[in-house]
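Undergrad: So I've got this file, final-v3.cif, and it contains mmCIF, C-alpha atoms (C1' of nucleotides):
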data_target
loop_
_atom_site.group_PDB
_atom_site.id
_atom_site.type_symbol
_atom_site.label_atom_id
_atom_site.label_comp_id
_atom_site.auth_asym_id
_atom_site.auth_seq_id
_atom_site.Cartn_x
_atom_site.Cartn_y
_atom_site.Cartn_z
ATOM 1 C CA MET A 215 90.523 -90.697 126.281
ATOM 2 C CA LYS A 216 87.743 -88.141 126.382
ATOM 3 C CA ILE A 217 85.203 -88.392 123.571
ATOM 4 C CA ALA A 218 82.562 -85.702 123.135
ATOM 5 C CA THR A 219 79.619 -84.917 120.897
ATOM 6 C CA TRP A 220 78.170 -81.484 120.208
ATOM 7 C CA ASN A 221 75.439 -80.320 117.871
ATOM 8 C CA ILE A 222 76.957 -76.926 117.260
ATOM 9 C CA ASN A 223 74.192 -75.444 115.069
ATOM 10 C CA GLY A 224 76.471 -73.846 112.496
ATOM 11 C CA VAL A 225 80.225 -74.226 112.873
ATOM 12 C CA LYS A 226 80.960 -70.885 111.210
ATOM 13 C CA ALA A 227 78.571 -69.023 113.501
ATOM 14 C CA ARG A 228 79.981 -70.881 116.523
ATOM 15 C CA ILE A 229 83.733 -71.064 115.812
ATOM 16 C CA ASP A 230 84.743 -68.790 118.707
ATOM 17 C CA SER A 231 82.623 -70.788 121.150
ATOM 18 C CA LEU A 232 84.000 -74.039 119.774
ATOM 19 C CA LEU A 233 87.610 -72.919 120.238
ATOM 20 C CA THR A 234 86.886 -71.700 123.775
ATOM 21 C CA TRP A 235 85.233 -74.969 124.707
ATOM 22 C CA LEU A 236 88.019 -77.072 123.155
ATOM 23 C CA GLY A 237 90.521 -75.169 125.263
ATOM 24 C CA GLU A 238 88.545 -75.681 128.453
ATOM 25 C CA ALA A 239 87.148 -79.197 128.046
ATOM 26 C CA LYS A 240 90.206 -80.589 126.229
ATOM 27 C CA PRO A 241 88.399 -83.503 124.595
ATOM 28 C CA ASP A 242 90.569 -85.951 122.641
ATOM 29 C CA VAL A 243 87.822 -86.596 120.098
ATOM 30 C CA VAL A 244 84.794 -84.488 119.172
ATOM 31 C CA CYS A 245 81.867 -85.409 116.950
ATOM 32 C CA LEU A 246 80.157 -82.293 115.608
ATOM 33 C CA GLN A 247 76.676 -82.136 114.067
ATOM 34 C CA GLU A 248 74.812 -79.490 112.119
ATOM 35 C CA ILE A 249 77.976 -77.845 110.884
ATOM 36 C CA LYS A 250 75.778 -76.355 108.120
ATOM 37 C CA THR A 251 78.547 -75.935 105.597
ATOM 38 C CA VAL A 252 80.179 -77.691 102.681
ATOM 39 C CA ASP A 253 83.614 -79.192 103.289
ATOM 40 C CA ASP A 254 85.389 -76.181 101.793
ATOM 41 C CA GLY A 255 83.656 -73.833 104.227
ATOM 42 C CA PHE A 256 84.769 -75.679 107.347
ATOM 43 C CA PRO A 257 87.207 -73.635 109.498
ATOM 44 C CA VAL A 258 89.957 -76.254 109.269
ATOM 45 C CA GLU A 259 92.861 -73.908 109.905
ATOM 46 C CA ALA A 260 91.508 -72.446 113.151
ATOM 47 C CA ILE A 261 90.784 -75.918 114.504
ATOM 48 C CA GLU A 262 94.141 -77.335 113.420
ATOM 49 C CA ASN A 263 95.812 -74.402 115.160
ATOM 50 C CA ALA A 264 93.979 -75.502 118.311
ATOM 51 C CA GLY A 265 95.687 -78.881 118.023
ATOM 52 C CA TYR A 266 93.053 -81.014 116.300
ATOM 53 C CA ASN A 267 92.928 -83.006 113.104
ATOM 54 C CA VAL A 268 89.718 -82.723 111.122
ATOM 55 C CA ALA A 269 87.503 -85.065 109.101
ATOM 56 C CA VAL A 270 84.477 -83.398 107.517
ATOM 57 C CA HIS A 271 81.328 -84.616 105.789
ATOM 58 C CA GLY A 272 79.577 -81.411 104.890
ATOM 59 C CA GLN A 273 76.473 -80.285 103.039
ATOM 60 C CA LYS A 274 75.273 -76.942 101.827
ATOM 61 C CA GLY A 275 73.076 -75.084 104.275
ATOM 62 C CA PHE A 276 71.882 -77.952 106.454
ATOM 63 C CA ASN A 277 73.078 -81.019 108.312
ATOM 64 C CA GLY A 278 76.782 -81.822 108.054
ATOM 65 C CA VAL A 279 78.980 -83.715 110.518
ATOM 66 C CA ALA A 280 82.656 -83.756 111.424
ATOM 67 C CA ILE A 281 85.165 -85.485 113.666
ATOM 68 C CA LEU A 282 87.951 -83.575 115.414
ATOM 69 C CA ALA A 283 90.762 -85.496 117.098
ATOM 70 C CA LYS A 284 94.084 -84.739 118.727
ATOM 71 C CA THR A 285 95.424 -87.881 117.069
ATOM 72 C CA ARG A 286 95.273 -88.876 113.420
ATOM 73 C CA ILE A 287 91.885 -89.913 112.061
ATOM 74 C CA GLU A 288 92.172 -92.958 109.843
ATOM 75 C CA ASP A 289 89.975 -95.134 107.649
ATOM 76 C CA ILE A 290 87.352 -92.406 107.337
ATOM 77 C CA VAL A 291 83.900 -93.387 106.052
ATOM 78 C CA ARG A 292 81.420 -90.698 105.035
ATOM 79 C CA GLY A 293 77.716 -91.512 104.998
ATOM 80 C CA LEU A 294 75.748 -94.192 106.839
ATOM 81 C CA PRO A 295 75.874 -97.500 104.952
ATOM 82 C CA GLY A 296 72.673 -99.019 103.663
ATOM 83 C CA ASP A 297 71.248 -96.501 101.193
ATOM 84 C CA PRO A 298 73.478 -95.130 98.416
ATOM 85 C CA ALA A 299 70.644 -92.798 97.374
ATOM 86 C CA ASP A 300 70.689 -90.975 100.724
ATOM 87 C CA GLU A 301 72.457 -87.676 100.045
ATOM 88 C CA GLN A 302 72.034 -86.088 103.466
ATOM 89 C CA ALA A 303 75.348 -85.629 105.320
ATOM 90 C CA ARG A 304 74.514 -87.204 108.679
ATOM 91 C CA TYR A 305 77.221 -89.767 109.423
ATOM 92 C CA ILE A 306 81.005 -89.939 109.569
ATOM 93 C CA GLU A 307 83.209 -92.629 111.013
ATOM 94 C CA GLY A 308 86.914 -92.946 111.643
ATOM 95 C CA SER A 309 89.545 -94.658 113.770
ATOM 96 C CA VAL A 310 91.746 -92.992 116.357
ATOM 97 C CA THR A 311 94.676 -94.430 118.264
ATOM 98 C CA ALA A 312 95.908 -93.264 121.641
ATOM 99 C CA GLY A 313 98.881 -95.101 123.091
ATOM 100 C CA HIS A 314 98.299 -98.786 122.571
ATOM 101 C CA ARG A 315 94.539 -98.433 122.221
ATOM 102 C CA SER A 316 92.677 -98.008 118.932
ATOM 103 C CA MET A 317 88.985 -97.279 118.707
ATOM 104 C CA ARG A 318 86.304 -96.628 116.099
ATOM 105 C CA ILE A 319 84.288 -93.420 116.365
ATOM 106 C CA GLY A 320 80.940 -92.920 114.605
ATOM 107 C CA GLY A 321 79.533 -89.390 114.612
ATOM 108 C CA LEU A 322 75.860 -89.140 113.702
ATOM 109 C CA TYR A 323 73.079 -86.636 113.187
ATOM 110 C CA LEU A 324 69.879 -88.643 113.235
ATOM 111 C CA PRO A 325 66.933 -87.136 111.324
ATOM 112 C CA ASN A 326 64.510 -85.040 113.338
ATOM 113 C CA GLY A 327 61.468 -86.686 111.735
ATOM 114 C CA ASN A 328 58.904 -83.929 112.193
ATOM 115 C CA PRO A 329 56.171 -83.546 111.327
ATOM 116 C CA LEU A 330 54.550 -86.912 111.952
ATOM 117 C CA GLY A 331 52.756 -88.565 109.074
ATOM 118 C CA THR A 332 55.207 -87.284 106.474
ATOM 119 C CA ASP A 333 58.088 -88.869 104.605
ATOM 120 C CA LYS A 334 60.371 -87.126 107.096
ATOM 121 C CA PHE A 335 59.211 -89.413 109.872
ATOM 122 C CA ALA A 336 59.508 -92.456 107.615
ATOM 123 C CA TYR A 337 63.044 -91.327 106.745
ATOM 124 C CA LYS A 338 63.888 -91.073 110.454
ATOM 125 C CA LEU A 339 62.729 -94.636 111.136
ATOM 126 C CA ALA A 340 64.462 -95.986 108.027
ATOM 127 C CA TRP A 341 67.663 -94.217 109.079
ATOM 128 C CA MET A 342 67.416 -95.781 112.543
ATOM 129 C CA ALA A 343 67.009 -99.222 110.981
ATOM 130 C CA ARG A 344 70.170 -98.621 108.938
ATOM 131 C CA LEU A 345 71.980 -97.462 112.066
ATOM 132 C CA ASN A 346 70.901 -100.639 113.836
ATOM 133 C CA ALA A 347 72.247 -102.785 111.012
ATOM 134 C CA HIS A 348 75.521 -100.880 111.015
ATOM 135 C CA ALA A 349 75.831 -101.136 114.807
ATOM 136 C CA ARG A 350 75.401 -104.897 114.519
ATOM 137 C CA ALA A 351 78.205 -105.014 111.962
ATOM 138 C CA LEU A 352 80.459 -102.983 114.254
ATOM 139 C CA LEU A 353 79.615 -105.182 117.246
ATOM 140 C CA ALA A 354 80.636 -108.241 115.268
ATOM 141 C CA THR A 355 84.172 -106.841 115.112
ATOM 142 C CA GLU A 356 84.320 -106.830 118.938
ATOM 143 C CA GLN A 357 86.298 -103.602 118.960
ATOM 144 C CA VAL A 358 86.138 -100.571 121.186
ATOM 145 C CA PHE A 359 83.718 -98.165 119.513
ATOM 146 C CA VAL A 360 81.489 -95.196 120.301
ATOM 147 C CA LEU A 361 78.435 -94.038 118.337
ATOM 148 C CA ALA A 362 78.101 -90.418 119.404
ATOM 149 C CA GLY A 363 75.794 -87.703 118.214
ATOM 150 C CA ASP A 364 72.442 -85.996 118.087
ATOM 151 C CA TYR A 365 70.022 -88.939 118.044
ATOM 152 C CA ASN A 366 66.928 -86.741 118.085
ATOM 153 C CA VAL A 367 65.302 -89.269 120.404
ATOM 154 C CA ILE A 368 64.063 -88.679 123.966
ATOM 155 C CA PRO A 369 64.551 -92.221 125.301
ATOM 156 C CA GLU A 370 62.308 -92.053 128.388
ATOM 157 C CA PRO A 371 59.921 -89.621 130.135
ATOM 158 C CA VAL A 372 62.681 -88.886 132.657
ATOM 159 C CA ASP A 373 64.700 -87.423 129.788
ATOM 160 C CA ALA A 374 62.357 -84.442 129.420
ATOM 161 C CA LYS A 375 61.419 -81.720 131.869
ATOM 162 C CA SER A 376 57.881 -81.767 130.482
ATOM 163 C CA PRO A 377 57.254 -85.090 128.697
ATOM 164 C CA LYS A 378 53.670 -84.231 127.799
ATOM 165 C CA ASP A 379 54.890 -81.383 125.606
ATOM 166 C CA TRP A 380 56.608 -83.946 123.353
ATOM 167 C CA LEU A 381 53.825 -86.506 122.969
ATOM 168 C CA GLY A 382 53.037 -85.360 119.437
ATOM 169 C CA ASP A 383 56.670 -84.941 118.443
ATOM 170 C CA ALA A 384 58.812 -87.292 116.376
ATOM 171 C CA LEU A 385 61.497 -87.220 119.075
ATOM 172 C CA PHE A 386 59.220 -88.919 121.590
ATOM 173 C CA GLN A 387 57.112 -91.242 119.432
ATOM 174 C CA PRO A 388 56.869 -94.883 120.528
ATOM 175 C CA GLU A 389 58.421 -95.935 117.200
ATOM 176 C CA SER A 390 61.411 -93.629 117.731
ATOM 177 C CA ARG A 391 61.874 -94.723 121.330
ATOM 178 C CA GLN A 392 61.531 -98.399 120.423
ATOM 179 C CA ALA A 393 64.160 -98.056 117.702
ATOM 180 C CA PHE A 394 66.493 -96.472 120.248
ATOM 181 C CA GLN A 395 65.792 -99.300 122.690
ATOM 182 C CA ARG A 396 66.598 -101.791 119.957
ATOM 183 C CA LEU A 397 70.053 -100.212 119.712
ATOM 184 C CA LEU A 398 70.551 -100.660 123.447
ATOM 185 C CA ALA A 399 69.235 -104.217 123.209
ATOM 186 C CA LEU A 400 72.088 -105.043 120.852
ATOM 187 C CA GLY A 401 74.374 -104.579 123.834
ATOM 188 C CA LEU A 402 75.257 -100.907 123.558
ATOM 189 C CA THR A 403 75.512 -98.765 126.690
ATOM 190 C CA ASP A 404 74.009 -95.267 127.000
ATOM 191 C CA ALA A 405 77.029 -93.616 128.642
ATOM 192 C CA ILE A 406 75.255 -90.538 129.996
ATOM 193 C CA ARG A 407 72.296 -92.454 131.406
ATOM 194 C CA CYS A 408 74.628 -95.013 132.961
ATOM 195 C CA GLY A 409 76.589 -92.326 134.794
ATOM 196 C CA HIS A 410 73.617 -90.071 135.586
ATOM 197 C CA PRO A 411 70.551 -92.195 136.341
ATOM 198 C CA GLY A 412 68.352 -89.439 137.751
ATOM 199 C CA ALA A 413 66.093 -86.729 136.333
ATOM 200 C CA GLY A 414 67.113 -83.317 135.025
ATOM 201 C CA VAL A 415 69.871 -84.562 132.730
ATOM 202 C CA TYR A 416 69.411 -82.609 129.495
ATOM 203 C CA THR A 417 71.451 -81.747 126.397
ATOM 204 C CA PHE A 418 69.015 -79.487 124.509
ATOM 205 C CA TRP A 419 67.039 -76.403 125.436
ATOM 206 C CA ASP A 420 64.954 -74.693 122.753
ATOM 207 C CA TYR A 421 65.818 -71.122 121.848
ATOM 208 C CA GLN A 422 62.185 -70.192 122.237
ATOM 209 C CA ALA A 423 59.939 -69.389 125.185
ATOM 210 C CA GLY A 424 62.779 -69.106 127.688
ATOM 211 C CA ALA A 425 63.404 -72.849 127.721
ATOM 212 C CA TRP A 426 66.942 -72.448 129.078
ATOM 213 C CA GLN A 427 65.907 -70.078 131.851
ATOM 214 C CA LYS A 428 63.189 -72.523 132.915
ATOM 215 C CA ASP A 429 65.504 -75.516 132.476
ATOM 216 C CA ASN A 430 62.873 -76.881 130.109
ATOM 217 C CA GLY A 431 65.278 -79.320 128.457
ATOM 218 C CA ILE A 432 65.431 -82.738 126.853
ATOM 219 C CA ARG A 433 68.154 -85.369 126.566
ATOM 220 C CA ILE A 434 68.630 -86.229 122.900
ATOM 221 C CA ASP A 435 72.414 -86.262 122.415
ATOM 222 C CA HIS A 436 73.827 -89.659 123.283
ATOM 223 C CA LEU A 437 77.049 -91.650 123.346
ATOM 224 C CA LEU A 438 76.418 -95.361 122.819
ATOM 225 C CA LEU A 439 79.318 -97.610 123.771
ATOM 226 C CA SER A 440 80.275 -101.068 122.597
ATOM 227 C CA PRO A 441 80.750 -103.577 125.442
ATOM 228 C CA GLN A 442 84.504 -103.234 124.991
ATOM 229 C CA ALA A 443 84.206 -99.454 125.379
ATOM 230 C CA ALA A 444 81.749 -99.625 128.274
ATOM 231 C CA ASP A 445 84.304 -101.677 130.224
ATOM 232 C CA LEU A 446 86.723 -98.734 129.976
ATOM 233 C CA THR A 447 84.330 -95.994 131.140
ATOM 234 C CA ASN A 448 85.636 -93.757 133.916
ATOM 235 C CA ALA A 449 83.162 -90.869 133.762
ATOM 236 C CA SER A 450 80.601 -89.060 131.626
ATOM 237 C CA GLY A 451 78.995 -85.657 131.639
ATOM 238 C CA ILE A 452 77.246 -82.764 129.929
ATOM 239 C CA ASP A 453 78.884 -79.350 129.602
ATOM 240 C CA ARG A 454 75.604 -77.531 130.067
ATOM 241 C CA TYR A 455 77.308 -74.270 131.009
ATOM 242 C CA THR A 456 77.937 -73.591 127.309
ATOM 243 C CA ARG A 457 74.167 -73.185 126.862
ATOM 244 C CA GLY A 458 74.392 -70.058 129.016
ATOM 245 C CA TRP A 459 76.970 -68.389 126.768
ATOM 246 C CA GLU A 460 76.288 -65.505 124.400
ATOM 247 C CA LYS A 461 74.994 -66.767 121.040
ATOM 248 C CA PRO A 462 74.896 -70.390 122.234
ATOM 249 C CA SER A 463 74.081 -73.530 120.331
ATOM 250 C CA ASP A 464 70.742 -74.905 121.509
ATOM 251 C CA HIS A 465 72.600 -78.143 122.354
ATOM 252 C CA ALA A 466 75.282 -78.647 125.003
ATOM 253 C CA PRO A 467 78.276 -80.984 124.579
ATOM 254 C CA ALA A 468 78.063 -84.478 126.077
ATOM 255 C CA TRP A 469 81.149 -86.581 126.746
ATOM 256 C CA VAL A 470 82.536 -89.832 128.051
ATOM 257 C CA GLU A 471 85.981 -90.514 129.487
ATOM 258 C CA LEU A 472 87.442 -93.925 128.651
ATOM 259 C CA ALA A 473 90.525 -95.412 130.302
ATOM 260 C CA ASP A 474 93.683 -95.206 128.202
ATOM 261 C "C1'" DA B 260 46.131 -72.924 118.529
ATOM 262 C "C1'" DT B 261 50.230 -70.479 117.297
ATOM 263 C "C1'" DG B 262 54.553 -68.330 117.861
ATOM 264 C "C1'" DC B 263 57.992 -67.972 120.676
ATOM 265 C "C1'" DC B 264 64.489 -68.077 118.296
ATOM 266 C "C1'" DT B 265 68.484 -69.104 115.237
ATOM 267 C "C1'" DT B 266 71.081 -70.335 111.055
ATOM 268 C "C1'" DG B 267 71.859 -70.229 106.261
ATOM 269 C "C1'" DT B 268 70.294 -69.019 101.827
ATOM 270 C "C1'" DC B 269 72.137 -66.683 94.756
ATOM 271 C "C1'" DG B 270 68.475 -62.589 101.734
ATOM 272 C "C1'" DC B 271 64.943 -58.354 101.237
ATOM 273 C "C1'" DA B 272 61.130 -63.993 103.300
ATOM 274 C "C1'" DC B 273 61.604 -68.643 103.912
ATOM 275 C "C1'" DA B 274 62.999 -73.496 105.167
ATOM 276 C "C1'" DA B 275 64.472 -76.323 108.856
ATOM 277 C "C1'" DG B 276 65.297 -77.175 113.235
ATOM 278 C "C1'" DA B 277 63.190 -79.788 117.819
#
Mind turning this structure into structure tokens?

TA:
Amino acid sequence: MKIATWNINGVKARIDSLLTWLGEAKPDVVCLQEIKTVDDGFPVEAIENAGYNVAVHGQKGFNGVAILAKTRIEDIVRGLPGDPADEQARYIEGSVTAGHRSMRIGGLYLPNGNPLGTDKFAYKLAWMARLNAHARALLATEQVFVLAGDYNVIPEPVDAKSPKDWLGDALFQPESRQAFQRLLALGLTDAIRCGHPGAGVYTFWDYQAGAWQKDNGIRIDHLLLSPQAADLTNASGIDRYTRGWEKPSDHAPAWVELAD
DNA sequence: ATGCCTTGTCGCACAAGA
């Protein structure tokens, strides 16, 4: 089963690219972030015609996440547990079953957190603490699960072409990186890092200053696997070629292939 | 040091992204 994550930066602006990529990459499950639409605006029909079921957690103008799956999506939860007052659409979770195997999929869009010293950065760290608590609850069930999405965290210097450029950025703050490490310390596996231990493995290239042309990227989209999922891993990768398309998202899809 | 692009918005400039 191939599970992918893609910050698509506007699903309505990117629907043609999404359909092309679905046809080529043929993922079984896709977590989308930054769909930038309310539920009613999501292009459900076009995606269903491509052979996918849809679960959406949208928001007007910003944020918004969704899960697409070739199989049924069951027991859907919208919103990250832990703060009923949080109205930002950044988390959706559901179960998919392929053959005899069932797994839980969490799709997340972690807050950017810039600029430092504002409530935005505090919100990012609070959100990461909630994610940690929720990951612990999922781990206690001992099931196969994947937490996939735009984490907005550069885990290590090797995950940036030019680490010094990010020293003052929320994505590369010690607090952000430590919170990410605390997720790994729970026993989760960073699927992309595990399969691609070297440098130059990026998922995001800024639109500005020719970042793509210079390969000035960062790795901020991650798939974290439960131990039961990590045991099934066959391969992982980044479909960076989509970043070279016309009107691209600034993120490329990342994926992991688990044994059926 | 700043903007560099891109999307969406009750557009005609701005917020937010990273």

Undergrad: Between CA of Gln422 in chain A and CA of Met342 in chain A, measure the distance and give it in Å to one decimal.

TA: 27.9 Å

Undergrad: Enumerate, as a PDB file with C-alpha atoms (C1' of nucleotides), keeping the file's coordinate frame, the residues matched when the PyMOL selection byres ((chain B) within 7 of (chain A)) is run on the file above.

TA:
ATOM      1  C1'  DC B 263      57.992 -67.972 120.676  1.00  0.00           C
ATOM      2  C1'  DC B 264      64.489 -68.077 118.296  1.00  0.00           C
ATOM      3  C1'  DT B 266      71.081 -70.335 111.055  1.00  0.00           C
ATOM      4  C1'  DG B 267      71.859 -70.229 106.261  1.00  0.00           C
TER       5       DG B 267
END

Undergrad: Enumerate, as a ChimeraX atom specification, the residues matched when the PyMOL selection byres ((chain A and resi 449) around 10) is run on the file above.

TA: /A:216,405-406,408-410,446-448,450-451,469-473

Undergrad: Please put the answer as AutoDock Vina command-line options: centre and edge lengths, in Å with one decimal, of a box along x, y and z that encloses all listed atoms of range 442-453 of chain A plus 6 Å on each side.

TA:
--center_x 82.0 --center_y -91.3 --center_z 129.5 --size_x 21.5 --size_y 35.9 --size_z 20.9

Undergrad: Which value, in Å to one decimal, gives the distance between CA of Ile452 in chain A and CA of Leu437 in chain A?

TA: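 Atom-to-atom, CA of Ile452 in chain A and CA of Leu437 in chain A are spaced 11.1 Å apart.
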
Undergrad: Could you write out as a ChimeraX atom specification the residues that the PyMOL selection byres ((chain A and resi 310) around 10) matches in the shown file?

TA: /A:242-243,283-289,308-309,311-312,315-319

Undergrad: Which of these residues is nearest to DA277 in chain B, using all atoms listed in the file: A:Arg433, A:Arg454, A:Arg391, A:Arg228?

TA: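 Nearest to DA277 in chain B: A:Arg433.
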
Undergrad: Have a look at A:Gly401, A:Pro325, A:Val358, A:Trp235 and name the one nearest to DA275 in chain B; count all atoms listed in the file.

TA: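 When distances to DA275 in chain B are compared using all atoms listed in the file, the smallest one comes from A:Pro325.
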
Undergrad: A:Leu439, A:Val244, A:Leu352, A:Leu330: which is nearest Asn221 in chain A, counting all atoms listed in the file?

TA: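 Closest to Asn221 in chain A, using all atoms listed in the file: A:Val244.
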
Undergrad: Would you work out the distance separating CA of Ile249 in chain A from CA of Asp453 in chain A, expressed in Å to one decimal?

TA: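 According to the coordinates, CA of Ile249 in chain A and CA of Asp453 in chain A are separated by 18.8 Å.
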